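For reference, target06.txt is printed below; it contains compact mmCIF, C-alpha atoms.
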# COMPACT_ATOMS: atom_id res chain seq x y z
CA MET A 187 0.00 0.00 0.00
CA ASN A 188 1.42 3.35 -1.09
CA ILE A 189 0.64 6.29 1.19
CA LEU A 190 0.97 10.03 0.64
CA ALA A 191 0.80 12.08 3.85
CA VAL A 192 0.96 15.81 4.51
CA ASP A 193 0.89 18.01 7.61
CA THR A 194 0.19 21.71 7.12
CA SER A 195 -1.01 22.41 10.66
CA SER A 196 1.91 24.75 11.41
CA LYS A 197 4.40 26.85 9.45
CA PHE A 198 6.46 23.66 9.26
CA LEU A 199 5.36 21.94 6.04
CA THR A 200 6.01 18.20 5.88
CA ILE A 201 5.20 15.65 3.15
CA ALA A 202 6.02 11.93 3.05
CA LEU A 203 5.62 8.85 0.90
CA SER A 204 5.58 5.33 2.29
CA SER A 205 5.12 1.85 0.88
CA GLU A 206 4.05 -0.93 3.21
CA ASP A 207 6.26 -0.43 6.31
CA LYS A 208 8.96 1.62 4.58
CA ILE A 209 9.33 5.40 4.26
CA ILE A 210 10.30 6.11 0.66
CA ALA A 211 10.77 9.87 0.87
CA GLU A 212 10.10 12.80 3.17
CA TYR A 213 10.24 16.56 2.62
CA SER A 214 10.04 19.07 5.47
CA ILE A 215 10.64 22.80 5.60
CA ASP A 216 9.98 25.70 7.94
CA SER A 217 8.23 27.61 5.20
CA ARG A 218 8.51 31.38 4.95
CA THR A 219 5.69 31.43 2.41
CA THR A 220 2.12 30.15 2.58
CA HIS A 221 1.57 26.44 2.18
CA SER A 222 -0.52 27.15 -0.92
CA GLU A 223 2.75 28.05 -2.69
CA LYS A 224 4.77 25.07 -1.46
CA LEU A 225 2.41 22.14 -0.96
CA MET A 226 1.53 21.00 -4.48
CA PRO A 227 5.01 21.66 -5.95
CA GLY A 228 6.42 19.75 -2.97
CA ILE A 229 4.12 16.78 -3.59
CA GLU A 230 4.91 16.76 -7.31
CA SER A 231 8.65 16.90 -6.63
CA LEU A 232 8.51 14.10 -4.07
CA LEU A 233 6.49 11.85 -6.39
CA LYS A 234 8.88 12.54 -9.25
CA GLU A 235 12.00 11.84 -7.17
CA ALA A 236 10.47 8.60 -5.87
CA ASN A 237 9.37 7.62 -9.39
CA ILE A 238 5.80 7.15 -8.22
CA SER A 239 2.70 8.39 -10.02
CA VAL A 240 -0.22 9.88 -8.11
CA ASP A 241 -2.24 7.04 -9.66
CA ASP A 242 -0.10 4.62 -7.62
CA ILE A 243 -1.14 6.18 -4.30
CA ASP A 244 -3.59 3.94 -2.44
CA LEU A 245 -4.18 6.10 0.63
CA PHE A 246 -4.08 9.86 1.19
CA VAL A 247 -3.45 11.09 4.74
CA VAL A 248 -3.64 14.57 6.21
CA SER A 249 -3.24 16.22 9.59
CA LYS A 250 -6.71 17.59 10.37
CA GLY A 251 -5.78 19.90 13.24
CA PRO A 252 -5.70 21.68 15.51
CA GLY A 253 -3.27 24.31 14.30
CA SER A 254 -3.06 27.13 11.80
CA TYR A 255 -6.50 27.88 10.34
CA THR A 256 -5.12 28.74 6.91
CA GLY A 257 -2.66 25.86 6.86
CA LEU A 258 -5.31 23.31 7.84
CA ARG A 259 -7.75 24.54 5.20
CA ILE A 260 -5.09 24.24 2.50
CA GLY A 261 -3.88 20.81 3.56
CA VAL A 262 -7.28 19.19 4.09
CA ALA A 263 -8.80 20.67 0.93
CA SER A 264 -5.82 19.63 -1.23
CA ILE A 265 -5.64 16.05 0.03
CA LYS A 266 -9.41 15.59 -0.16
CA ALA A 267 -9.37 16.80 -3.76
CA MET A 268 -6.55 14.42 -4.71
CA ALA A 269 -8.18 11.45 -3.00
CA TYR A 270 -11.57 12.20 -4.56
CA ALA A 271 -10.16 12.74 -8.05
CA ASN A 272 -8.33 9.41 -7.89
CA ASP A 273 -11.12 7.54 -6.10
CA LYS A 274 -8.82 6.52 -3.25
CA LYS A 275 -9.14 6.18 0.51
CA ILE A 276 -8.46 9.08 2.88
CA ILE A 277 -7.65 9.38 6.59
CA GLY A 278 -7.43 12.49 8.79
CA ILE A 279 -5.29 12.38 11.93
CA SER A 280 -4.98 14.78 14.85
CA SER A 281 -1.92 17.00 14.60
CA LEU A 282 -1.42 16.56 18.36
CA GLU A 283 -1.48 12.77 17.99
CA ASN A 284 1.01 13.11 15.15
CA ILE A 285 3.43 15.08 17.34
CA ALA A 286 2.98 12.69 20.26
CA ASN A 287 3.86 9.79 17.96
CA ASN A 288 7.36 11.27 17.52
CA ILE A 289 8.15 9.66 20.88
CA GLU A 290 8.36 5.90 20.46
CA TYR A 291 8.35 5.11 24.16
CA PHE A 292 8.06 7.07 27.37
CA ASP A 293 7.23 5.73 30.82
CA GLY A 294 4.63 8.31 31.68
CA TYR A 295 2.39 10.92 30.08
CA ILE A 296 3.20 12.45 26.69
CA ILE A 297 1.73 15.94 26.48
CA PRO A 298 1.72 17.48 22.98
CA MET A 299 1.17 21.24 22.93
CA ILE A 300 0.69 23.63 20.01
CA ASP A 301 1.11 27.34 20.67
CA ALA A 302 -2.22 29.11 20.11
CA ARG A 303 -0.78 32.50 21.18
CA ASN A 304 -1.85 34.77 24.04
CA ASN A 305 -1.00 32.16 26.72
CA ARG A 306 -3.27 29.60 25.10
CA VAL A 307 -2.44 26.16 23.76
CA PHE A 308 -4.00 23.32 21.84
CA ALA A 309 -3.12 20.25 23.87
CA GLY A 310 -3.87 16.61 24.60
CA ILE A 311 -2.63 13.91 26.95
CA TYR A 312 -1.35 10.53 25.77
CA LYS A 313 -0.07 7.46 27.57
CA ASP A 314 1.49 4.48 25.77
CA LEU A 315 0.66 6.43 22.58
CA LYS A 316 -3.05 6.22 23.38
CA LYS A 317 -5.17 9.33 23.86
CA ILE A 318 -6.44 9.59 27.43
CA ARG A 319 -7.70 13.20 27.22
CA GLU A 320 -9.47 14.71 24.23
CA ASP A 321 -7.62 17.41 22.31
CA ARG A 322 -8.79 20.85 23.39
CA ALA A 323 -8.01 24.55 23.29
CA TYR A 324 -6.84 25.60 26.76
CA ASP A 325 -5.84 28.62 28.72
CA LEU A 326 -2.24 27.78 29.64
CA LYS A 327 -2.68 28.25 33.39
CA GLU A 328 -5.89 26.20 33.41
CA PHE A 329 -4.17 23.41 31.51
CA LEU A 330 -1.16 23.31 33.82
CA GLU A 331 -3.48 23.15 36.84
CA ASP A 332 -5.00 20.04 35.26
CA ILE A 333 -1.57 18.54 34.62
CA LYS A 334 -0.66 18.98 38.29
CA LYS A 335 -3.22 16.29 39.10
CA LEU A 336 -1.38 13.66 37.04
CA LYS A 337 0.92 11.45 39.05
CA GLY A 338 4.08 10.28 37.30
CA ASN A 339 6.56 11.39 34.66
CA LYS A 340 5.42 13.92 32.10
CA LEU A 341 7.00 14.69 28.72
CA PHE A 342 6.06 17.99 27.07
CA ILE A 343 6.43 18.11 23.31
CA GLY A 344 5.58 20.50 20.47
CA ASP A 345 6.11 24.18 19.72
CA GLY A 346 3.77 25.06 22.60
CA ALA A 347 6.05 23.22 25.02
CA ARG A 348 9.02 25.20 23.71
CA ALA A 349 7.15 28.53 23.77
CA TYR A 350 5.96 28.09 27.36
CA GLU A 351 8.83 26.08 28.84
CA LYS A 352 9.50 28.74 31.48
CA GLU A 353 5.86 28.80 32.59
CA ILE A 354 5.67 25.00 32.69
CA LYS A 355 8.79 24.78 34.85
CA GLY A 356 7.40 27.48 37.12
CA GLU A 357 4.14 25.62 37.74
CA LEU A 358 5.39 22.02 37.71
CA GLU A 359 8.59 21.36 39.57
CA ASP A 360 8.81 17.57 39.58
CA ASP A 361 8.65 14.71 37.05
CA ILE A 362 8.76 16.94 33.98
CA ASN A 363 10.73 16.42 30.79
CA PHE A 364 10.94 18.23 27.46
CA ALA A 365 11.34 16.64 24.05
CA SER A 366 14.42 17.30 21.95
CA ILE A 367 14.32 19.92 19.20
CA LYS A 368 14.01 17.31 16.44
CA SER A 369 10.92 15.79 18.10
CA ASN A 370 8.96 19.01 18.55
CA TYR A 371 7.83 19.38 14.96
CA PRO A 372 5.17 17.42 13.07
CA ARG A 373 6.45 14.81 10.63
CA ALA A 374 4.53 13.35 7.71
CA ALA A 375 6.46 10.09 8.16
CA SER A 376 4.76 9.76 11.54
CA LEU A 377 1.39 10.30 9.86
CA CYS A 378 2.17 7.38 7.54
CA GLU A 379 2.85 5.14 10.51
CA LEU A 380 -0.38 6.14 12.25
CA ALA A 381 -2.36 5.73 9.04
CA ILE A 382 -1.17 2.15 8.54
CA LYS A 383 -2.64 1.23 11.94
CA ARG A 384 -5.96 2.90 11.01
CA ALA A 385 -6.05 1.25 7.60
CA GLN A 386 -5.53 -2.18 9.13
CA LYS A 387 -8.77 -1.57 11.04
CA SER A 388 -10.49 -0.02 7.97
CA GLU A 389 -10.86 3.26 9.87
CA TYR A 390 -11.15 5.51 6.84
CA ASP A 391 -12.80 8.92 6.58
CA GLY A 392 -15.43 10.01 4.09
CA TYR A 393 -14.65 12.76 1.58
CA TYR A 394 -17.44 14.92 2.97
CA ASP A 395 -17.01 14.00 6.63
CA LEU A 396 -13.35 14.94 6.91
CA VAL A 397 -13.05 18.59 7.90
CA PRO A 398 -10.38 20.62 9.70
CA GLU A 399 -10.62 20.48 13.49
CA TYR A 400 -9.83 24.02 14.57
CA LEU A 401 -10.76 23.48 18.24
CA ARG A 402 -11.90 27.05 18.63
CA PRO A 403 -12.17 28.43 22.17
CA SER A 404 -15.66 28.66 23.62
CA GLN A 405 -17.64 31.90 23.22
CA ALA A 406 -16.79 32.87 26.82
CA GLU A 407 -13.10 32.23 26.22
CA ARG A 408 -13.13 34.24 22.97
CA GLN A 409 -14.81 37.13 24.80
CA LYS A 410 -12.18 36.94 27.52
CA LEU A 411 -9.43 37.33 24.92
CA LYS A 412 -11.16 40.46 23.60
CA ASP A 413 -11.48 42.10 27.05
In C-alpha cells, how does this file's structure come out?
Amino acid sequence: MNILAVDTSSKFLTIALSSEDKIIAEYSIDSRTTHSEKLMPGIESLLKEANISVDDIDLFVVSKGPGSYTGLRIGVASIKAMAYANDKKIIGISSLENIANNIEYFDGYIIPMIDARNNRVFAGIYKDLKKIREDRAYDLKEFLEDIKKLKGNKLFIGDGARAYEKEIKGELEDDINFASIKSNYPRAASLCELAIKRAQKSEYDGYYDLVPEYLRPSQAERQKLKD
C-alpha cells in the first residue's frame, strides 16, 4: 500500500511517501511562504523523485488539526481533492497525535502542545501512545493546573512546550521532561505510521465528513481574549 501524507497544521510543512512499512521519501521545511505556494510543488517533486505516479497512491493522509486555520484549510482541501479525483481512501489524523507519535516510548504521560498564542495552547494527553484526554483549546494556566493532578513522569512536546517552557517549569517542579528539538515538529512520516494502523482496522474517513478540526475556544473564552 502506497501512502501520501501531509501536515500543514503549522508553518512547518512536511510531506512523506511510504510503501508498506517503509518510508520512501520525506520533505520538510519551515516555510517562509504560505503552504498554498509550497504544498503542491512539494508533492509533485517528491512523487517525481520517488518515481511514483499519483495514480499509484492507495491512501491519502492529512493532519486535520488543531493548528493554523489557513494551513489546515489548504492541507485538508488539497488532500481531499486528490483522494476524490483518484477515487482513493483518505484518513485524517490529529496534529497533536502526530506530534505525540514522535516519541516511540516514554514511561509516563506524553503531552503534545501547540502554541495558540496569548497564553493559550492546543493540547492533549497521551499514555502508551493512546489518547487519554481529548484534544482541546486551553488557557495555559488552566491546563497546567490540570496537569498537576497527574501522578508520574510527564513529557512535554511540540512548539507550545518550547514557547511556554519557562511557565511550565514554574508551575510544575517535579517529574517533567521536554522533548528534543528534532521531536517538537510534526512529521509526515509519523502520519504514515499512524495511518497504517488505522487502515488495518479499515478506519477511513469520508470525503465529505473529513473537515479541519480548529478546536476554537468557547464563546466565553473568545470574549475573555477580547477584554
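Look at Gly392 (chain A): the protein and nucleic acid residues within 9 Å of it, using all atoms listed in the file and passing over chain neighbours fewer than 5 places away, are Lys275, Ile276 and Ile277 of chain A.
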Using all atoms listed in the file, pick whichever of A:Ile333, A:Ala347, A:Leu341, A:Ala269 has the shortest atom-to-atom distance to Gly294 (chain A).
A:Leu341
For Ile343 (chain A), which residue among A:Cys378, A:Val248, A:Ile362, A:Ala211 is the nearest when counting all atoms listed in the file?
A:Ile362
For Lys383 (chain A), list every protein, DNA or RNA residue within 12 Å, evaluated using only C-alpha atoms, and leave out those in the same chain fewer than 5 positions away; present the list as number ranges by chain.
A: 206-207, 277, 279, 376-378, 388-390
Find the residues near Gly346 (chain A): any atom within 10 Å, counting all atoms listed in the file, skip ones fewer than 2 places away on the same chain, and give them as a PDB file with C-alpha atoms, in the coordinates of the input.
ATOM      1  CA  PRO A 298       1.720  17.480  22.980  1.00  0.00           C
ATOM      2  CA  MET A 299       1.170  21.240  22.930  1.00  0.00           C
ATOM      3  CA  ILE A 300       0.690  23.630  20.010  1.00  0.00           C
ATOM      4  CA  ASP A 301       1.110  27.340  20.670  1.00  0.00           C
ATOM      5  CA  ALA A 302      -2.220  29.110  20.110  1.00  0.00           C
ATOM      6  CA  ARG A 303      -0.780  32.500  21.180  1.00  0.00           C
ATOM      7  CA  ASN A 305      -1.000  32.160  26.720  1.00  0.00           C
ATOM      8  CA  ARG A 306      -3.270  29.600  25.100  1.00  0.00           C
ATOM      9  CA  VAL A 307      -2.440  26.160  23.760  1.00  0.00           C
ATOM     10  CA  PHE A 308      -4.000  23.320  21.840  1.00  0.00           C
ATOM     11  CA  ALA A 309      -3.120  20.250  23.870  1.00  0.00           C
ATOM     12  CA  LEU A 326      -2.240  27.780  29.640  1.00  0.00           C
ATOM     13  CA  PHE A 342       6.060  17.990  27.070  1.00  0.00           C
ATOM     14  CA  ILE A 343       6.430  18.110  23.310  1.00  0.00           C
ATOM     15  CA  GLY A 344       5.580  20.500  20.470  1.00  0.00           C
ATOM     16  CA  ARG A 348       9.020  25.200  23.710  1.00  0.00           C
ATOM     17  CA  ALA A 349       7.150  28.530  23.770  1.00  0.00           C
ATOM     18  CA  TYR A 350       5.960  28.090  27.360  1.00  0.00           C
ATOM     19  CA  GLU A 351       8.830  26.080  28.840  1.00  0.00           C
ATOM     20  CA  ASN A 370       8.960  19.010  18.550  1.00  0.00           C
TER      21      ASN A 370
END
Counting all atoms listed in the file, the residue of A:Ser280, A:Ser249, A:Gln386, A:Ser369 that sits nearest Asp193 (chain A):
A:Ser249
Between A:Ile382, A:Leu245, A:Ile201, A:Leu232, which is the closest to Asp273 (chain A) once you count all atoms listed in the file?
A:Leu245
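With only C-alpha atoms as the atoms that count, the residue of A:Leu336, A:Ala374, A:Ile265, A:Leu282 with the shortest distance to Tyr295 (chain A) is A:Leu336.
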Within 9 Å of region 357-361 of chain A, counting all atoms listed in the file, which residues qualify if same-chain residues fewer than 3 places away don't, as a list in words?
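The neighbour list is Lys327, Leu330, Glu331, Ile333, Lys334, Lys337, Gly338, Asn339, Lys340, Leu341, Lys352, Glu353 and Ile354 of chain A.
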Hey, can you check how far CA of Phe364 (chain A) sits from CA of Asp332 (chain A)?
17.8 Å
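As for CA of Asp242 (chain A) and CA of Tyr270 (chain A), they are spaced 14.1 Å apart.
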Identify which of the residues A:Phe198, A:Tyr312, A:Tyr324, A:Tyr400 lies closest to Glu283 (chain A), counting all atoms listed in the file when measuring atom-to-atom distances.
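Closest to Glu283 (chain A), using all atoms listed in the file: A:Tyr312.
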